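Shown next: entry-v6.cif, given as mmCIF, C-alpha atoms.
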```cif
data_target
#
loop_
_atom_site.label_atom_id
_atom_site.label_comp_id
_atom_site.auth_asym_id
_atom_site.auth_seq_id
_atom_site.Cartn_x
_atom_site.Cartn_y
_atom_site.Cartn_z
CA MET A 1 -14.36 -5.19 -33.82
CA VAL A 2 -12.93 -6.38 -30.50
CA LEU A 3 -14.72 -5.29 -27.34
CA GLN A 4 -12.66 -4.84 -24.21
CA ASN A 5 -13.50 -3.99 -20.66
CA VAL A 6 -11.69 -0.92 -19.44
CA ILE A 7 -10.86 -0.82 -15.77
CA ALA A 8 -9.60 2.38 -14.19
CA ILE A 9 -8.00 2.44 -10.79
CA MET A 10 -8.06 5.76 -9.00
CA TYR A 11 -5.82 6.19 -6.03
CA ASP A 12 -6.08 9.33 -3.93
CA CYS A 13 -2.86 9.94 -2.02
CA ASP A 14 -3.40 13.49 -0.87
CA LEU A 15 -7.02 13.86 0.29
CA THR A 16 -8.21 15.56 -2.90
CA LEU A 17 -10.94 13.00 -3.61
CA THR A 18 -11.73 11.53 -0.19
CA PRO A 19 -11.85 12.89 3.35
CA VAL A 20 -9.46 10.19 4.65
CA TYR A 21 -6.26 8.69 3.36
CA MET A 22 -6.89 5.68 1.13
CA GLN A 23 -4.68 3.52 3.33
CA ASP A 24 -7.01 4.12 6.29
CA VAL A 25 -9.80 2.30 4.46
CA LEU A 26 -7.46 -0.65 3.89
CA PHE A 27 -6.38 -0.67 7.55
CA GLU A 28 -9.97 -0.55 8.77
CA TYR A 29 -11.10 -3.36 6.46
CA PHE A 30 -8.27 -5.68 7.50
CA LYS A 31 -8.25 -4.51 11.14
CA VAL A 32 -4.64 -3.35 10.94
CA ASP A 33 -3.23 -0.77 13.34
CA GLY A 34 -2.38 2.17 11.09
CA GLU A 35 0.08 3.69 13.55
CA GLU A 36 2.00 0.41 13.73
CA PHE A 37 2.01 0.18 9.92
CA TRP A 38 3.43 3.70 9.50
CA ASN A 39 6.03 3.14 12.21
CA ARG A 40 7.17 -0.10 10.54
CA LYS A 41 7.30 1.69 7.19
CA GLU A 42 9.46 4.46 8.62
CA ASP A 43 11.81 1.99 10.37
CA TRP A 44 12.19 0.00 7.13
CA ALA A 45 12.84 3.14 5.08
CA LYS A 46 15.50 4.31 7.56
CA ARG A 47 17.24 0.91 7.45
CA ILE A 48 17.47 0.85 3.66
CA ARG A 49 18.59 4.49 3.50
CA VAL A 50 21.46 3.67 5.88
CA LYS A 51 22.48 0.98 3.39
CA GLY A 52 22.61 3.62 0.66
CA THR A 53 19.29 2.91 -1.07
CA ASN A 54 17.20 5.97 -1.85
CA CYS A 55 13.48 5.32 -1.37
CA ASP A 56 10.74 7.93 -1.27
CA ASP A 57 7.83 7.64 1.15
CA GLU A 58 5.32 6.48 -1.48
CA CYS A 59 7.51 3.57 -2.58
CA ALA A 60 8.26 2.75 1.06
CA TYR A 61 4.61 2.48 2.08
CA MET A 62 3.72 0.48 -1.03
CA ASN A 63 6.56 -1.89 -0.20
CA MET A 64 5.18 -2.20 3.33
CA ILE A 65 1.73 -3.03 1.92
CA LEU A 66 3.35 -5.87 -0.03
CA GLN A 67 5.13 -6.99 3.15
CA TYR A 68 1.79 -7.10 4.97
CA VAL A 69 0.35 -9.15 2.10
CA ARG A 70 3.24 -11.63 2.43
CA GLU A 71 2.73 -11.80 6.21
CA GLY A 72 -0.99 -12.51 5.78
CA LYS A 73 -2.07 -9.31 7.53
CA PHE A 74 -4.00 -8.34 4.40
CA LYS A 75 -5.46 -11.80 3.93
CA GLY A 76 -7.04 -12.18 0.51
CA LEU A 77 -5.29 -9.15 -0.95
CA SER A 78 -3.17 -10.29 -3.86
CA ILE A 79 -0.50 -8.86 -6.10
CA THR A 80 -1.37 -11.34 -8.85
CA THR A 81 -3.90 -11.01 -11.63
CA SER A 82 -6.02 -13.65 -13.31
CA GLN A 83 -7.38 -13.67 -16.82
#
```

Hey, can you dump this file as structure tokens for me?
Amino acid sequence: MVLQNVIAIMYDCDLTLTPVYMQDVLFEYFKVDGEEFWNRKEDWAKRIRVKGTNCDDECAYMNMILQYVREGKFKGLSITTSQ
């Protein structure tokens, strides 16, 4: 019999589980201006839509999170996994 750890990630996008948006916790922890983040996300989404790429808001903000990781604004946050 092989034992495995099971890890579940719960992400609340619509305030059903928490009283604040999950992104707000991330912004607070990394001292990121949430308004600036959302404005940058919206500007980016508009630019790619003009180029003919369809992108919904959820994908746009997740892309912006990755951009912030690349820029070092979420220092220590990683998109890699280790085993």

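Distance annotation: of A:Asn63, A:Gln23, A:Thr53, A:Thr18, the residue with the minimal separation from A:Lys41 is A:Asn63; atom set is only C-alpha atoms.
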
| field | Gap from atom CA of A:Glu42 to atom CA of A:Gln67 - Å, one decimal | value | 13.4 Å

Applied to the shown file, which residues does the PyMOL selection byres ((chain A and resi 30-33) around 12) return, written as a PDB file with C-alpha atoms, in the coordinates of the input?
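Output below, filename part-v5.pdb:
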```
ATOM      1  CA  GLN A  23      -4.680   3.520   3.330  1.00  0.00           C
ATOM      2  CA  ASP A  24      -7.010   4.120   6.290  1.00  0.00           C
ATOM      3  CA  VAL A  25      -9.800   2.300   4.460  1.00  0.00           C
ATOM      4  CA  LEU A  26      -7.460  -0.650   3.890  1.00  0.00           C
ATOM      5  CA  PHE A  27      -6.380  -0.670   7.550  1.00  0.00           C
ATOM      6  CA  GLU A  28      -9.970  -0.550   8.770  1.00  0.00           C
ATOM      7  CA  TYR A  29     -11.100  -3.360   6.460  1.00  0.00           C
ATOM      8  CA  GLY A  34      -2.380   2.170  11.090  1.00  0.00           C
ATOM      9  CA  GLU A  35       0.080   3.690  13.550  1.00  0.00           C
ATOM     10  CA  GLU A  36       2.000   0.410  13.730  1.00  0.00           C
ATOM     11  CA  PHE A  37       2.010   0.180   9.920  1.00  0.00           C
ATOM     12  CA  TRP A  38       3.430   3.700   9.500  1.00  0.00           C
ATOM     13  CA  ASN A  39       6.030   3.140  12.210  1.00  0.00           C
ATOM     14  CA  ARG A  40       7.170  -0.100  10.540  1.00  0.00           C
ATOM     15  CA  ILE A  65       1.730  -3.030   1.920  1.00  0.00           C
ATOM     16  CA  TYR A  68       1.790  -7.100   4.970  1.00  0.00           C
ATOM     17  CA  VAL A  69       0.350  -9.150   2.100  1.00  0.00           C
ATOM     18  CA  GLY A  72      -0.990 -12.510   5.780  1.00  0.00           C
ATOM     19  CA  LYS A  73      -2.070  -9.310   7.530  1.00  0.00           C
ATOM     20  CA  PHE A  74      -4.000  -8.340   4.400  1.00  0.00           C
ATOM     21  CA  LYS A  75      -5.460 -11.800   3.930  1.00  0.00           C
ATOM     22  CA  GLY A  76      -7.040 -12.180   0.510  1.00  0.00           C
ATOM     23  CA  LEU A  77      -5.290  -9.150  -0.950  1.00  0.00           C
TER      24      LEU A  77
END
```

Take every atom of stretch 18-21 of chain A listed in the file, fit an axis-aligned box around them, add 5 Å per side, and give the centre and edge lengths in Å to one decimal as lines of an AutoDock Vina configuration file.
```
center_x = -9.1
center_y = 10.8
center_z = 2.2
size_x = 15.6
size_y = 14.2
size_z = 14.8
```

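Every protein, DNA or RNA residue with an atom at most 12 Å from A:Asn54, where all atoms listed in the file count and chain neighbours fewer than 6 positions away do not, is listed here: Trp44, Ala45, Lys46, Arg47, Ile48 and Ala60 of chain A.
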
Write out, as a JSON list (two decimals), in the coordinates of the input, the residues just selected, with C-alpha atoms.
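again_1.json, written as the output of this step:
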```json
[["chain", "number", "residue", "atom", "x", "y", "z"],
["A", 44, "TRP", "CA", 12.19, 0.00, 7.13],
["A", 45, "ALA", "CA", 12.84, 3.14, 5.08],
["A", 46, "LYS", "CA", 15.50, 4.31, 7.56],
["A", 47, "ARG", "CA", 17.24, 0.91, 7.45],
["A", 48, "ILE", "CA", 17.47, 0.85, 3.66],
["A", 60, "ALA", "CA", 8.26, 2.75, 1.06]]
```

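The spacing separating atom CA of A:Pro19 from atom CA of A:Cys55 amounts to 26.9 Å.
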
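Picture a line from atom CA of A:Val20 to atom CA of A:Asp43; it runs 23.5 Å.
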
Will you model N, CA and C atoms for stretch 37-66 of chain A and pass it back as a tab-separated table (two decimals), in the frame of the given file?
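rebuild-v5.tsv, written as the output of this step:
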```tsv
chain	number	residue	atom	x	y	z
A	37	PHE	N	1.62	0.28	11.32
A	37	PHE	CA	2.01	0.18	9.92
A	37	PHE	C	2.97	1.31	9.55
A	38	TRP	N	2.60	2.56	9.87
A	38	TRP	CA	3.43	3.70	9.50
A	38	TRP	C	4.77	3.69	10.23
A	39	ASN	N	4.77	3.25	11.47
A	39	ASN	CA	6.03	3.14	12.21
A	39	ASN	C	6.94	2.09	11.57
A	40	ARG	N	6.38	0.94	11.20
A	40	ARG	CA	7.17	-0.10	10.54
A	40	ARG	C	7.70	0.40	9.20
A	41	LYS	N	6.86	1.14	8.47
A	41	LYS	CA	7.30	1.69	7.19
A	41	LYS	C	8.48	2.62	7.38
A	42	GLU	N	8.38	3.49	8.38
A	42	GLU	CA	9.46	4.46	8.62
A	42	GLU	C	10.74	3.76	9.06
A	43	ASP	N	10.63	2.75	9.93
A	43	ASP	CA	11.81	1.99	10.37
A	43	ASP	C	12.47	1.30	9.18
A	44	TRP	N	11.65	0.68	8.31
A	44	TRP	CA	12.19	0.00	7.13
A	44	TRP	C	12.90	0.99	6.22
A	45	ALA	N	12.26	2.13	5.97
A	45	ALA	CA	12.84	3.14	5.08
A	45	ALA	C	14.17	3.65	5.64
A	46	LYS	N	14.24	3.87	6.94
A	46	LYS	CA	15.50	4.31	7.56
A	46	LYS	C	16.59	3.27	7.38
A	47	ARG	N	16.24	1.99	7.58
A	47	ARG	CA	17.24	0.91	7.45
A	47	ARG	C	17.80	0.84	6.04
A	48	ILE	N	16.94	0.96	5.02
A	48	ILE	CA	17.47	0.85	3.66
A	48	ILE	C	18.23	2.11	3.25
A	49	ARG	N	17.85	3.26	3.81
A	49	ARG	CA	18.59	4.49	3.50
A	49	ARG	C	20.00	4.42	4.08
A	50	VAL	N	20.14	3.84	5.26
A	50	VAL	CA	21.46	3.67	5.88
A	50	VAL	C	22.35	2.80	4.99
A	51	LYS	N	21.73	1.86	4.30
A	51	LYS	CA	22.48	0.98	3.39
A	51	LYS	C	22.78	1.65	2.05
A	52	GLY	N	22.31	2.89	1.87
A	52	GLY	CA	22.61	3.62	0.66
A	52	GLY	C	21.54	3.56	-0.41
A	53	THR	N	20.38	2.99	-0.10
A	53	THR	CA	19.29	2.91	-1.07
A	53	THR	C	18.36	4.09	-0.87
A	54	ASN	N	18.11	4.84	-1.93
A	54	ASN	CA	17.20	5.97	-1.85
A	54	ASN	C	15.78	5.48	-2.12
A	55	CYS	N	14.87	5.76	-1.22
A	55	CYS	CA	13.48	5.32	-1.37
A	55	CYS	C	12.56	6.42	-0.86
A	56	ASP	N	11.66	6.90	-1.72
A	56	ASP	CA	10.74	7.93	-1.27
A	56	ASP	C	9.62	7.30	-0.44
A	57	ASP	N	8.86	8.13	0.23
A	57	ASP	CA	7.83	7.64	1.15
A	57	ASP	C	6.74	6.83	0.45
A	58	GLU	N	6.37	7.22	-0.78
A	58	GLU	CA	5.32	6.48	-1.48
A	58	GLU	C	5.77	5.06	-1.80
A	59	CYS	N	6.99	4.92	-2.30
A	59	CYS	CA	7.51	3.57	-2.58
A	59	CYS	C	7.68	2.77	-1.29
A	60	ALA	N	8.07	3.44	-0.21
A	60	ALA	CA	8.26	2.75	1.06
A	60	ALA	C	6.94	2.21	1.59
A	61	TYR	N	5.87	2.99	1.54
A	61	TYR	CA	4.61	2.48	2.08
A	61	TYR	C	4.01	1.41	1.17
A	62	MET	N	4.21	1.53	-0.14
A	62	MET	CA	3.72	0.48	-1.03
A	62	MET	C	4.49	-0.83	-0.80
A	63	ASN	N	5.78	-0.71	-0.53
A	63	ASN	CA	6.56	-1.89	-0.20
A	63	ASN	C	6.05	-2.51	1.09
A	64	MET	N	5.69	-1.68	2.06
A	64	MET	CA	5.18	-2.20	3.33
A	64	MET	C	3.82	-2.88	3.13
A	65	ILE	N	3.00	-2.36	2.24
A	65	ILE	CA	1.73	-3.03	1.92
A	65	ILE	C	2.02	-4.44	1.40
A	66	LEU	N	2.99	-4.55	0.49
A	66	LEU	CA	3.35	-5.87	-0.03
A	66	LEU	C	3.88	-6.78	1.08
```
